[in-house]
$ cat run-v9.tsv   # TSV, C-alpha atoms
chain	number	residue	atom	x	y	z
A	17	MET	CA	-42.30	8.07	3.01
A	18	LYS	CA	-38.72	8.73	4.03
A	19	LEU	CA	-35.72	6.47	4.18
A	20	ARG	CA	-34.77	5.87	7.77
A	21	SER	CA	-31.13	6.47	8.67
A	22	LEU	CA	-29.37	4.08	11.05
A	23	ASN	CA	-27.05	6.06	13.31
A	24	LYS	CA	-26.45	3.39	15.93
A	25	SER	CA	-24.40	0.26	15.50
A	26	LEU	CA	-26.04	-3.04	16.38
A	27	PRO	CA	-24.37	-6.17	17.74
A	28	THR	CA	-22.92	-8.48	15.15
A	29	LEU	CA	-24.75	-11.77	14.70
A	30	SER	CA	-22.73	-14.96	14.71
A	31	LYS	CA	-22.48	-16.91	11.47
A	32	THR	CA	-24.19	-20.26	11.27
A	33	THR	CA	-22.26	-23.24	10.05
A	34	ALA	CA	-25.16	-24.27	7.80
A	35	ALA	CA	-25.00	-21.07	5.74
A	36	HIS	CA	-23.97	-21.64	2.14
A	37	PRO	CA	-21.16	-19.50	0.70
A	38	LEU	CA	-22.17	-16.46	-1.30
A	39	GLN	CA	-22.10	-17.13	-5.02
A	40	LEU	CA	-21.97	-14.76	-7.97
A	41	ASP	CA	-25.38	-14.05	-9.56
A	42	ARG	CA	-27.27	-16.17	-7.01
A	43	ASP	CA	-26.25	-14.16	-3.91
A	44	PHE	CA	-24.44	-11.11	-5.27
A	45	ALA	CA	-24.47	-9.30	-8.59
A	46	GLY	CA	-24.14	-5.89	-10.17
A	47	ARG	CA	-25.12	-4.21	-13.42
A	48	GLN	CA	-25.34	-0.67	-14.77
A	49	ILE	CA	-27.19	1.36	-17.39
A	50	LEU	CA	-26.18	4.49	-19.26
A	51	GLY	CA	-29.39	6.44	-18.84
A	52	THR	CA	-29.57	9.48	-21.12
A	53	ARG	CA	-25.91	10.37	-20.58
A	54	ASP	CA	-23.32	10.20	-23.35
A	55	GLU	CA	-20.79	8.36	-21.21
A	56	GLN	CA	-20.78	5.85	-18.37
A	57	GLN	CA	-19.12	7.63	-15.45
A	58	ASP	CA	-20.00	5.07	-12.78
A	59	SER	CA	-17.46	2.39	-11.85
A	60	TYR	CA	-17.92	-0.55	-9.52
A	61	ALA	CA	-16.27	-3.75	-8.36
A	62	PHE	CA	-16.73	-6.77	-6.13
A	63	SER	CA	-13.66	-8.28	-4.49
A	64	ILE	CA	-13.55	-11.51	-2.50
A	65	VAL	CA	-12.07	-11.09	0.96
A	66	GLU	CA	-12.53	-14.67	2.19
A	67	GLY	CA	-13.20	-17.65	-0.07
A	68	ASP	CA	-12.71	-18.15	-3.79
A	69	GLU	CA	-14.54	-17.86	-7.11
A	70	LYS	CA	-16.86	-20.74	-6.10
A	71	GLY	CA	-18.13	-19.00	-3.01
A	72	THR	CA	-17.26	-16.41	-0.39
A	73	ASP	CA	-18.21	-15.57	3.18
A	74	LYS	CA	-16.88	-12.02	3.10
A	75	LEU	CA	-17.20	-9.64	0.17
A	76	LEU	CA	-16.14	-6.08	-0.58
A	77	VAL	CA	-18.27	-3.98	-2.93
A	78	ILE	CA	-17.27	-0.53	-4.18
A	79	ILE	CA	-19.22	2.00	-6.23
A	80	ALA	CA	-17.89	5.32	-7.47
A	81	ASP	CA	-20.01	7.87	-9.34
A	82	GLY	CA	-17.92	10.30	-11.37
A	83	MET	CA	-19.12	13.87	-11.20
A	84	GLY	CA	-21.50	14.35	-14.12
A	85	GLY	CA	-21.06	17.49	-16.18
A	86	TYR	CA	-17.31	17.60	-15.63
A	87	VAL	CA	-14.58	16.19	-17.86
A	88	GLY	CA	-12.85	13.30	-16.16
A	89	GLY	CA	-15.75	11.86	-14.19
A	90	ARG	CA	-15.23	8.42	-15.72
A	91	GLU	CA	-11.47	8.53	-15.17
A	92	ALA	CA	-11.90	9.71	-11.58
A	93	SER	CA	-14.31	6.92	-10.67
A	94	LEU	CA	-12.05	4.27	-12.23
A	95	ALA	CA	-8.99	5.61	-10.43
A	96	ALA	CA	-10.85	5.72	-7.12
A	97	VAL	CA	-12.16	2.15	-7.33
A	98	ARG	CA	-8.81	0.69	-8.38
A	99	GLY	CA	-6.97	2.67	-5.73
A	100	PHE	CA	-9.45	1.64	-3.06
A	101	VAL	CA	-9.28	-2.09	-3.77
A	102	ASP	CA	-5.48	-2.19	-3.77
A	103	ALA	CA	-5.18	-0.14	-0.59
A	104	PHE	CA	-7.89	-2.07	1.26
A	105	PHE	CA	-6.11	-5.40	1.00
A	106	GLU	CA	-2.73	-3.84	1.66
A	107	ALA	CA	-4.14	-2.34	4.86
A	108	LEU	CA	-5.75	-5.60	5.99
A	109	ASP	CA	-2.53	-7.52	5.43
A	110	GLY	CA	-0.20	-4.93	6.94
A	111	PRO	CA	2.73	-2.95	5.55
A	112	GLU	CA	4.96	-5.98	4.91
A	113	ILE	CA	3.15	-6.47	1.60
A	114	ALA	CA	4.69	-4.13	-0.94
A	115	PRO	CA	2.30	-1.86	-2.88
A	116	GLU	CA	3.50	-3.20	-6.22
A	117	THR	CA	2.05	-6.65	-5.47
A	118	SER	CA	-1.46	-5.20	-6.01
A	119	VAL	CA	-2.86	-7.69	-3.52
A	120	GLY	CA	-6.53	-8.39	-4.17
A	121	GLY	CA	-6.92	-5.47	-6.51
A	122	MET	CA	-5.44	-6.35	-9.86
A	123	ALA	CA	-8.27	-8.57	-11.05
A	124	ALA	CA	-11.05	-6.67	-9.28
A	125	VAL	CA	-11.30	-4.19	-12.13
A	126	PRO	CA	-14.36	-1.95	-12.06
A	127	SER	CA	-16.76	-2.38	-14.92
A	128	GLN	CA	-16.05	-0.16	-17.90
A	129	ILE	CA	-19.04	-1.51	-19.82
A	130	SER	CA	-22.29	0.42	-20.00
A	131	ASP	CA	-24.44	-2.32	-21.54
A	132	GLY	CA	-25.08	-4.19	-18.34
A	133	GLU	CA	-22.03	-6.46	-17.99
A	134	SER	CA	-20.98	-7.15	-14.43
A	135	ALA	CA	-17.78	-6.10	-12.71
A	136	LEU	CA	-15.15	-8.77	-12.32
A	137	THR	CA	-14.37	-10.33	-8.97
A	138	ALA	CA	-11.04	-11.24	-7.46
A	139	GLN	CA	-9.99	-13.77	-4.88
A	140	ARG	CA	-7.88	-12.37	-2.11
A	141	PRO	CA	-4.50	-14.14	-1.87
A	142	PRO	CA	-3.63	-15.49	1.59
A	143	SER	CA	-1.74	-13.14	3.87
A	144	ASN	CA	1.45	-14.01	5.69
A	145	SER	CA	1.78	-10.65	7.40
A	146	THR	CA	1.42	-10.57	11.17
A	147	SER	CA	2.70	-7.20	12.31
A	148	ALA	CA	1.93	-3.54	11.76
A	149	PRO	CA	3.31	-0.19	12.92
A	150	PRO	CA	1.70	1.69	15.79
A	151	CYS	CA	-0.75	4.50	15.33
A	152	PRO	CA	1.41	7.60	14.79
A	153	GLU	CA	1.26	10.64	16.98
A	154	GLY	CA	-1.75	12.80	16.15
A	155	ALA	CA	-3.44	10.29	13.85
A	156	THR	CA	-6.89	11.06	15.22
A	157	SER	CA	-6.60	14.77	14.46
A	158	GLN	CA	-5.16	14.62	10.96
A	159	SER	CA	-7.37	15.78	8.14
A	160	PRO	CA	-9.34	13.01	6.39
A	161	GLY	CA	-8.13	14.53	3.15
A	162	GLN	CA	-4.47	13.81	3.84
A	163	ALA	CA	-4.45	10.88	1.48
A	164	SER	CA	-0.67	10.56	1.59
A	165	ALA	CA	-0.50	10.29	5.40
A	166	LYS	CA	1.46	7.30	6.69
A	167	PRO	CA	-0.75	4.32	7.50
A	168	TRP	CA	-1.72	3.61	11.08
A	169	VAL	CA	-2.70	-0.02	11.29
A	170	LYS	CA	-3.70	-2.87	13.57
A	171	GLU	CA	-2.13	-2.00	16.91
A	172	GLU	CA	-5.08	-1.68	19.26
A	173	LYS	CA	-5.06	1.74	20.87
A	174	PRO	CA	-8.20	3.63	21.93
A	175	SER	CA	-7.44	6.49	19.52
A	176	CYS	CA	-6.67	4.33	16.51
A	177	PRO	CA	-9.22	2.47	14.31
A	178	VAL	CA	-8.34	-1.19	13.77
A	179	GLY	CA	-9.24	-4.08	11.50
A	180	ALA	CA	-11.90	-3.43	8.87
A	181	ALA	CA	-12.55	0.11	10.09
A	182	PHE	CA	-8.92	1.02	9.53
A	183	ALA	CA	-8.71	-0.76	6.19
A	184	LEU	CA	-11.77	1.07	4.86
A	185	ARG	CA	-10.47	4.47	6.03
A	186	LYS	CA	-6.97	3.87	4.69
A	187	ALA	CA	-8.38	2.69	1.36
A	188	LEU	CA	-10.56	5.79	1.09
A	189	LEU	CA	-7.58	8.08	1.63
A	190	ASP	CA	-5.58	6.19	-0.97
A	191	ALA	CA	-8.49	6.38	-3.41
A	192	ASN	CA	-8.51	10.15	-2.93
A	193	GLN	CA	-4.78	10.18	-3.59
A	194	ALA	CA	-5.30	8.13	-6.76
A	195	VAL	CA	-7.74	10.76	-8.03
A	196	ASP	CA	-5.24	13.47	-7.12
A	197	LYS	CA	-2.52	11.75	-9.17
A	198	MET	CA	-4.90	11.39	-12.11
A	199	ILE	CA	-5.69	15.11	-12.03
A	200	ALA	CA	-2.02	16.06	-11.62
A	201	ALA	CA	-1.11	14.05	-14.72
A	202	ASP	CA	-3.34	16.29	-16.89
A	203	PRO	CA	-4.53	19.30	-14.87
A	204	ASP	CA	-5.70	21.24	-17.91
A	205	THR	CA	-8.18	18.47	-18.73
A	206	PHE	CA	-9.11	17.10	-15.32
A	207	ALA	CA	-8.96	20.14	-13.04
A	208	GLU	CA	-12.64	19.82	-12.03
A	209	ALA	CA	-12.81	16.02	-11.92
A	210	GLY	CA	-14.08	14.18	-8.86
A	211	THR	CA	-16.15	11.23	-7.75
A	212	THR	CA	-18.29	9.90	-4.95
A	213	LEU	CA	-17.26	6.62	-3.35
A	214	LEU	CA	-19.18	4.00	-1.42
A	215	ALA	CA	-17.55	0.83	-0.12
A	216	ALA	CA	-19.08	-1.87	2.05
A	217	LEU	CA	-17.58	-4.97	3.63
A	218	VAL	CA	-20.35	-7.56	3.88
A	219	GLU	CA	-20.36	-10.94	5.60
A	220	ARG	CA	-23.06	-13.10	7.09
A	221	GLY	CA	-24.25	-11.25	10.15
A	222	SER	CA	-22.73	-7.82	9.60
A	223	ILE	CA	-21.88	-4.94	7.30
A	224	GLN	CA	-19.35	-2.16	7.70
A	225	TRP	CA	-19.01	0.72	5.26
A	226	ILE	CA	-17.40	4.00	4.38
A	227	SER	CA	-18.81	6.60	1.99
A	228	VAL	CA	-18.30	10.08	0.62
A	229	GLY	CA	-20.97	11.76	-1.48
A	230	ASP	CA	-24.56	10.79	-2.25
A	231	SER	CA	-24.31	7.19	-3.49
A	232	PRO	CA	-26.92	5.32	-1.40
A	233	LEU	CA	-26.32	2.21	0.67
A	234	LEU	CA	-29.70	0.58	1.35
A	235	LEU	CA	-30.82	-2.35	3.47
A	236	TRP	CA	-33.86	-4.47	2.60
A	237	SER	CA	-34.83	-6.38	5.72
A	238	LYS	CA	-38.16	-7.96	6.65
A	239	GLY	CA	-39.94	-6.09	3.87
A	240	LYS	CA	-38.64	-2.64	4.85
A	241	LEU	CA	-36.15	-0.38	3.09
A	242	THR	CA	-33.62	1.55	5.16
A	243	ARG	CA	-30.82	3.89	4.14
A	244	LEU	CA	-27.68	3.00	6.05
A	245	ASN	CA	-25.21	5.70	5.02
A	246	ALA	CA	-25.31	9.47	5.17
A	247	ASP	CA	-26.32	11.54	2.14
A	248	HIS	CA	-23.65	14.18	1.50
A	249	SER	CA	-25.75	16.29	-0.84
A	250	MET	CA	-27.99	19.33	-0.58
A	251	ARG	CA	-30.95	16.95	-0.77
A	252	ALA	CA	-30.22	15.88	2.80
A	253	VAL	CA	-29.93	19.51	3.91
A	254	PHE	CA	-33.32	20.26	2.40
A	255	VAL	CA	-34.88	17.26	4.16
A	256	GLU	CA	-33.65	18.71	7.46
A	257	LYS	CA	-35.18	22.07	6.55
A	258	VAL	CA	-38.49	20.38	5.83
A	259	ALA	CA	-38.38	18.68	9.23
A	260	ALA	CA	-37.68	22.05	10.84
A	261	GLY	CA	-40.61	23.68	9.01
A	262	GLN	CA	-38.29	25.89	6.95
A	263	MET	CA	-39.11	24.39	3.56
A	264	ARG	CA	-41.92	22.53	1.81
A	265	ALA	CA	-41.28	18.88	0.99
A	266	ALA	CA	-42.73	19.36	-2.49
A	267	ASP	CA	-40.01	21.87	-3.32
A	268	ILE	CA	-37.12	19.43	-2.92
A	269	ALA	CA	-37.85	17.51	-6.14
A	270	THR	CA	-37.56	20.65	-8.27
A	271	HIS	CA	-34.88	22.59	-6.41
A	272	PRO	CA	-31.96	23.27	-8.80
A	273	GLU	CA	-29.37	22.55	-6.09
A	274	ARG	CA	-30.88	19.33	-4.74
A	275	ASN	CA	-28.12	17.17	-6.26
A	276	ALA	CA	-25.23	19.46	-5.36
A	277	LEU	CA	-22.57	17.44	-3.54
A	278	LEU	CA	-21.19	18.48	-0.16
A	279	ALA	CA	-18.25	16.06	-0.29
A	280	VAL	CA	-16.36	14.23	-3.04
A	281	LEU	CA	-13.00	12.65	-3.75
A	282	ASN	CA	-11.04	15.15	-5.84
A	283	GLY	CA	-7.58	14.99	-4.31
A	284	LEU	CA	-8.32	17.76	-1.83
A	285	GLU	CA	-9.47	17.60	1.77
A	286	ILE	CA	-12.46	15.32	2.19
A	287	ILE	CA	-15.08	17.46	3.93
A	288	LYS	CA	-17.41	14.68	5.08
A	289	ILE	CA	-16.86	10.95	5.61
A	290	ASP	CA	-19.47	8.48	6.83
A	291	ASP	CA	-17.69	5.52	8.47
A	292	PRO	CA	-19.27	4.00	11.57
A	293	SER	CA	-16.70	2.54	13.97
A	294	ALA	CA	-18.55	-0.75	14.43
A	295	PRO	CA	-20.49	-3.08	12.11
A	296	VAL	CA	-24.26	-3.05	11.75
A	297	SER	CA	-25.96	-6.42	12.12
A	298	LEU	CA	-27.60	-8.32	9.27
A	299	MET	CA	-30.24	-11.04	9.46
A	300	PRO	CA	-30.41	-14.09	7.16
A	301	GLY	CA	-32.13	-13.08	3.93
A	302	ASP	CA	-31.26	-9.39	4.26
A	303	MET	CA	-30.21	-7.62	1.07
A	304	VAL	CA	-27.59	-4.89	0.92
A	305	ILE	CA	-28.10	-2.57	-2.05
A	306	ALA	CA	-25.20	-0.32	-3.08
A	307	ALA	CA	-25.99	2.06	-5.90
A	308	SER	CA	-25.17	5.28	-7.64
A	309	ASP	CA	-27.72	8.05	-7.20
A	310	GLY	CA	-29.34	7.21	-10.53
A	311	LEU	CA	-31.40	4.67	-8.57
A	312	LEU	CA	-33.00	7.55	-6.69
A	313	THR	CA	-35.06	8.31	-9.79
A	314	LEU	CA	-37.31	5.77	-8.05
A	315	SER	CA	-39.08	6.67	-4.84
A	316	VAL	CA	-38.79	4.58	-1.69
A	317	GLU	CA	-42.26	3.20	-2.44
A	318	GLU	CA	-41.32	2.25	-6.01
A	319	ILE	CA	-38.11	0.48	-4.95
A	320	SER	CA	-39.95	-1.35	-2.17
A	321	LYS	CA	-42.78	-2.41	-4.47
A	322	GLU	CA	-40.33	-3.95	-6.92
A	323	LEU	CA	-38.30	-5.66	-4.21
A	324	LYS	CA	-41.41	-7.27	-2.74
A	325	LYS	CA	-42.13	-8.84	-6.13
A	326	VAL	CA	-38.64	-10.20	-6.83
A	327	CYS	CA	-36.84	-10.55	-3.49
A	328	ALA	CA	-36.96	-14.37	-3.56
A	329	LYS	CA	-35.31	-14.62	-6.99
A	330	PRO	CA	-31.57	-14.91	-7.71
A	331	VAL	CA	-29.89	-11.59	-7.02
A	332	ILE	CA	-28.94	-11.03	-10.66
A	333	GLU	CA	-32.65	-10.99	-11.51
A	334	ILE	CA	-33.35	-8.51	-8.71
A	335	VAL	CA	-30.67	-6.16	-10.05
A	336	ARG	CA	-32.09	-6.38	-13.57
A	337	ALA	CA	-35.62	-5.78	-12.31
A	338	LEU	CA	-34.63	-2.59	-10.49
A	339	LEU	CA	-32.72	-1.27	-13.49
A	340	SER	CA	-35.67	-2.06	-15.74
A	341	THR	CA	-37.94	-0.13	-13.40
A	342	VAL	CA	-35.59	2.84	-13.59
A	343	GLU	CA	-35.65	2.70	-17.40
A	344	LYS	CA	-39.45	2.49	-17.46
A	345	LYS	CA	-39.63	5.85	-15.68
A	346	ALA	CA	-38.27	7.33	-18.93
A	347	ASN	CA	-36.67	10.27	-17.14
A	348	SER	CA	-35.42	12.68	-19.81
A	349	LYS	CA	-32.39	13.46	-17.61
A	350	GLN	CA	-31.74	9.95	-16.31
A	351	ASP	CA	-28.28	9.66	-14.81
A	352	ASN	CA	-25.99	6.65	-15.11
A	353	THR	CA	-27.29	4.01	-12.74
A	354	THR	CA	-25.28	1.26	-11.11
A	355	ILE	CA	-26.80	-1.29	-8.72
A	356	ALA	CA	-24.85	-3.94	-6.80
A	357	ILE	CA	-26.71	-6.24	-4.41
A	358	ILE	CA	-25.52	-8.75	-1.83
A	359	ARG	CA	-28.00	-11.08	-0.11
A	360	VAL	CA	-26.75	-12.79	3.03
$ encode --input "run-v9.tsv" --output "structure tokens"
Amino acid sequence: MKLRSLNKSLPTLSKTTAAHPLQLDRDFAGRQILGTRDEQQDSYAFSIVEGDEKGTDKLLVIIADGMGGYVGGREASLAAVRGFVDAFFEALDGPEIAPETSVGGMAAVPSQISDGESALTAQRPPSNSTSAPPCPEGATSQSPGQASAKPWVKEEKPSCPVGAAFALRKALLDANQAVDKMIAADPDTFAEAGTTLLAALVERGSIQWISVGDSPLLLWSKGKLTRLNADHSMRAVFVEKVAAGQMRAADIATHPERNALLAVLNGLEIIKIDDPSAPVSLMPGDMVIAASDGLLTLSVEEISKELKKVCAKPVIEIVRALLSTVEKKANSKQDNTTIAIIRV
């Protein structure tokens, strides 16, 4: 059984006034395990976009998986998550908010704990910014890896992404720049450092995301599991070869290059970015599952089986159940695993 990939955007559903606000642990939660690794190189965070600590209607979740096997994976993932959160809110609010205010990002610190503690959440302060500069000349053709490029924000032009789409893209570029600065501060130590990054903006009725690397973004809806984002690893290339009759499906699981990444954040040009221009619709009761690739120790069938058993429970229990299932596999090379779930 294969994960289906959604390539088309669906119309956004309107929110119902009866919907309760999303609450920590009941409706969204995250945890992580170390696996057999010596160090936790995953980082993650939730940040409240609308609402407060008692409940939110719009939530940002970010997961970064530092490149295992290289020094600096942990530092790269931390830098990327922190840089992303700060830049996302700055981009939403417009350039009148100075970078040093750290709007929305200061308290949304990614988890540095490998024993299962959750990432902190932050309430977004209200914005008083109403204007933004126009999209600069040539913005659509500039390299995605130009993390230091001047921001092009809200002004609605056909060639310029706006709103959440812009904020996610701008935040990704700034996250890449944050990794670049980290490497530049100690190039002898961190020369090979890098990280994946997955960020999703979730509200009742829709989800919009941006991702680089192989960290999966999954949707559990009506008893079916779907992969939403692209897989930027050789695993995806091999799946295409299987479909074309150029490779046996059984060979993917043992291929030595199956986990090789095709795109990462390492301060250089970002080769591949998955960022649909419009939201994908969500139905009441849908669960969005953001994870590092350690979750993929489980097959689609194994994840689905566990979700069917626990999907009605508080989200924190669902997260723990999936992580427990990963641990029960007793994979001798189990990677760090981070799971963050939002149920709308």
$ closest_residue --input "run-v9.tsv" --among "A:Gly88, A:Gly67, A:Pro37, A:Gly229" --to "Phe206 in chain A" --atoms "all atoms listed in the file"
A:Gly88
$ atom_distance --input "run-v9.tsv" --atom1 "CA of Gly301 in chain A" --atom2 "CA of Ala246 in chain A"
23.6 Å
$ residues_around --input "run-v9.tsv" --residues "range 209-218 of chain A" --least-positions-apart "2" --cutoff "6 Å" --atoms "all atoms listed in the file" --output "number ranges by chain"
A: 74-83, 88-89, 92-93, 206-207, 223-229, 280-282
$ axis_aligned_box --input "run-v9.tsv" --around "range 180-198 of chain A" --padding-each-side "8 Å" --output "JSON"
{"center_x": -7.5, "center_y": 5.0, "center_z": -1.0, "size_x": 26.0, "size_y": 32.9, "size_z": 38.2}
$ closest_residue --input "run-v9.tsv" --among "A:Gln48, A:Ser297, A:Thr353, A:Ser59" --to "Leu312 in chain A" --atoms "only C-alpha atoms"
A:Thr353
$ residues_around --input "run-v9.tsv" --residues "Met303 in chain A" --least-positions-apart "2" --cutoff "6 Å" --atoms "all atoms listed in the file" --output "number ranges by chain"
A: 235-236, 358-359
$ write_last_selection --input "run-v9.tsv" --atoms "C-alpha atoms" --output "PDB file, in the coordinates of the input"
ATOM      1  CA  LEU A 235     -30.820  -2.350   3.470  1.00  0.00           C
ATOM      2  CA  TRP A 236     -33.860  -4.470   2.600  1.00  0.00           C
ATOM      3  CA  ILE A 358     -25.520  -8.750  -1.830  1.00  0.00           C
ATOM      4  CA  ARG A 359     -28.000 -11.080  -0.110  1.00  0.00           C
TER       5      ARG A 359
END
$ closest_residue --input "run-v9.tsv" --among "A:Met299, A:Leu339, A:Val195, A:Leu189" --to "Phe104 in chain A" --atoms "all atoms listed in the file"
A:Leu189
$ atom_distance --input "run-v9.tsv" --atom1 "CA of Ala265 in chain A" --atom2 "CA of Leu277 in chain A"
19.3 Å
$ atom_distance --input "run-v9.tsv" --atom1 "CA of Asp43 in chain A" --atom2 "CA of Glu55 in chain A"
28.9 Å
$ residues_around --input "run-v9.tsv" --residues "Lys325 in chain A" --least-positions-apart "4" --cutoff "12 Å" --atoms "all atoms listed in the file" --output "PyMOL selection string"
chain A and resi 239+318-321+329+333-334+337-338
$ closest_residue --input "run-v9.tsv" --among "A:Asp109, A:Gln57, A:Asp230, A:Gly71" --to "Arg42 in chain A" --atoms "only C-alpha atoms"
A:Gly71
$ residues_near_point --input "run-v9.tsv" --point "(-39.8, 4.8, -1.9)" --cutoff "12 Å" --atoms "only C-alpha atoms" --output "short mmCIF file (atom, residue, chain, number, x, y, z; two decimals) with C-alpha atoms, keeping the file's coordinate frame"
data_model
loop_
_atom_site.label_atom_id
_atom_site.label_comp_id
_atom_site.auth_asym_id
_atom_site.auth_seq_id
_atom_site.Cartn_x
_atom_site.Cartn_y
_atom_site.Cartn_z
CA MET A 17 -42.30 8.07 3.01
CA LYS A 18 -38.72 8.73 4.03
CA LEU A 19 -35.72 6.47 4.18
CA ARG A 20 -34.77 5.87 7.77
CA LEU A 234 -29.70 0.58 1.35
CA TRP A 236 -33.86 -4.47 2.60
CA LYS A 240 -38.64 -2.64 4.85
CA LEU A 241 -36.15 -0.38 3.09
CA THR A 242 -33.62 1.55 5.16
CA ARG A 243 -30.82 3.89 4.14
CA LEU A 311 -31.40 4.67 -8.57
CA LEU A 312 -33.00 7.55 -6.69
CA THR A 313 -35.06 8.31 -9.79
CA LEU A 314 -37.31 5.77 -8.05
CA SER A 315 -39.08 6.67 -4.84
CA VAL A 316 -38.79 4.58 -1.69
CA GLU A 317 -42.26 3.20 -2.44
CA GLU A 318 -41.32 2.25 -6.01
CA ILE A 319 -38.11 0.48 -4.95
CA SER A 320 -39.95 -1.35 -2.17
CA LYS A 321 -42.78 -2.41 -4.47
CA GLU A 322 -40.33 -3.95 -6.92
CA LEU A 323 -38.30 -5.66 -4.21
#
$ residues_around --input "run-v9.tsv" --residues "Ala45 in chain A" --least-positions-apart "6" --cutoff "8 Å" --atoms "all atoms listed in the file" --output "ChimeraX atom specification"
/A:134,331-332,335,356-358
$ closest_residue --input "run-v9.tsv" --among "A:Asp202, A:Glu285, A:Asp102, A:Glu219" --to "Asp73 in chain A" --atoms "only C-alpha atoms"
A:Glu219
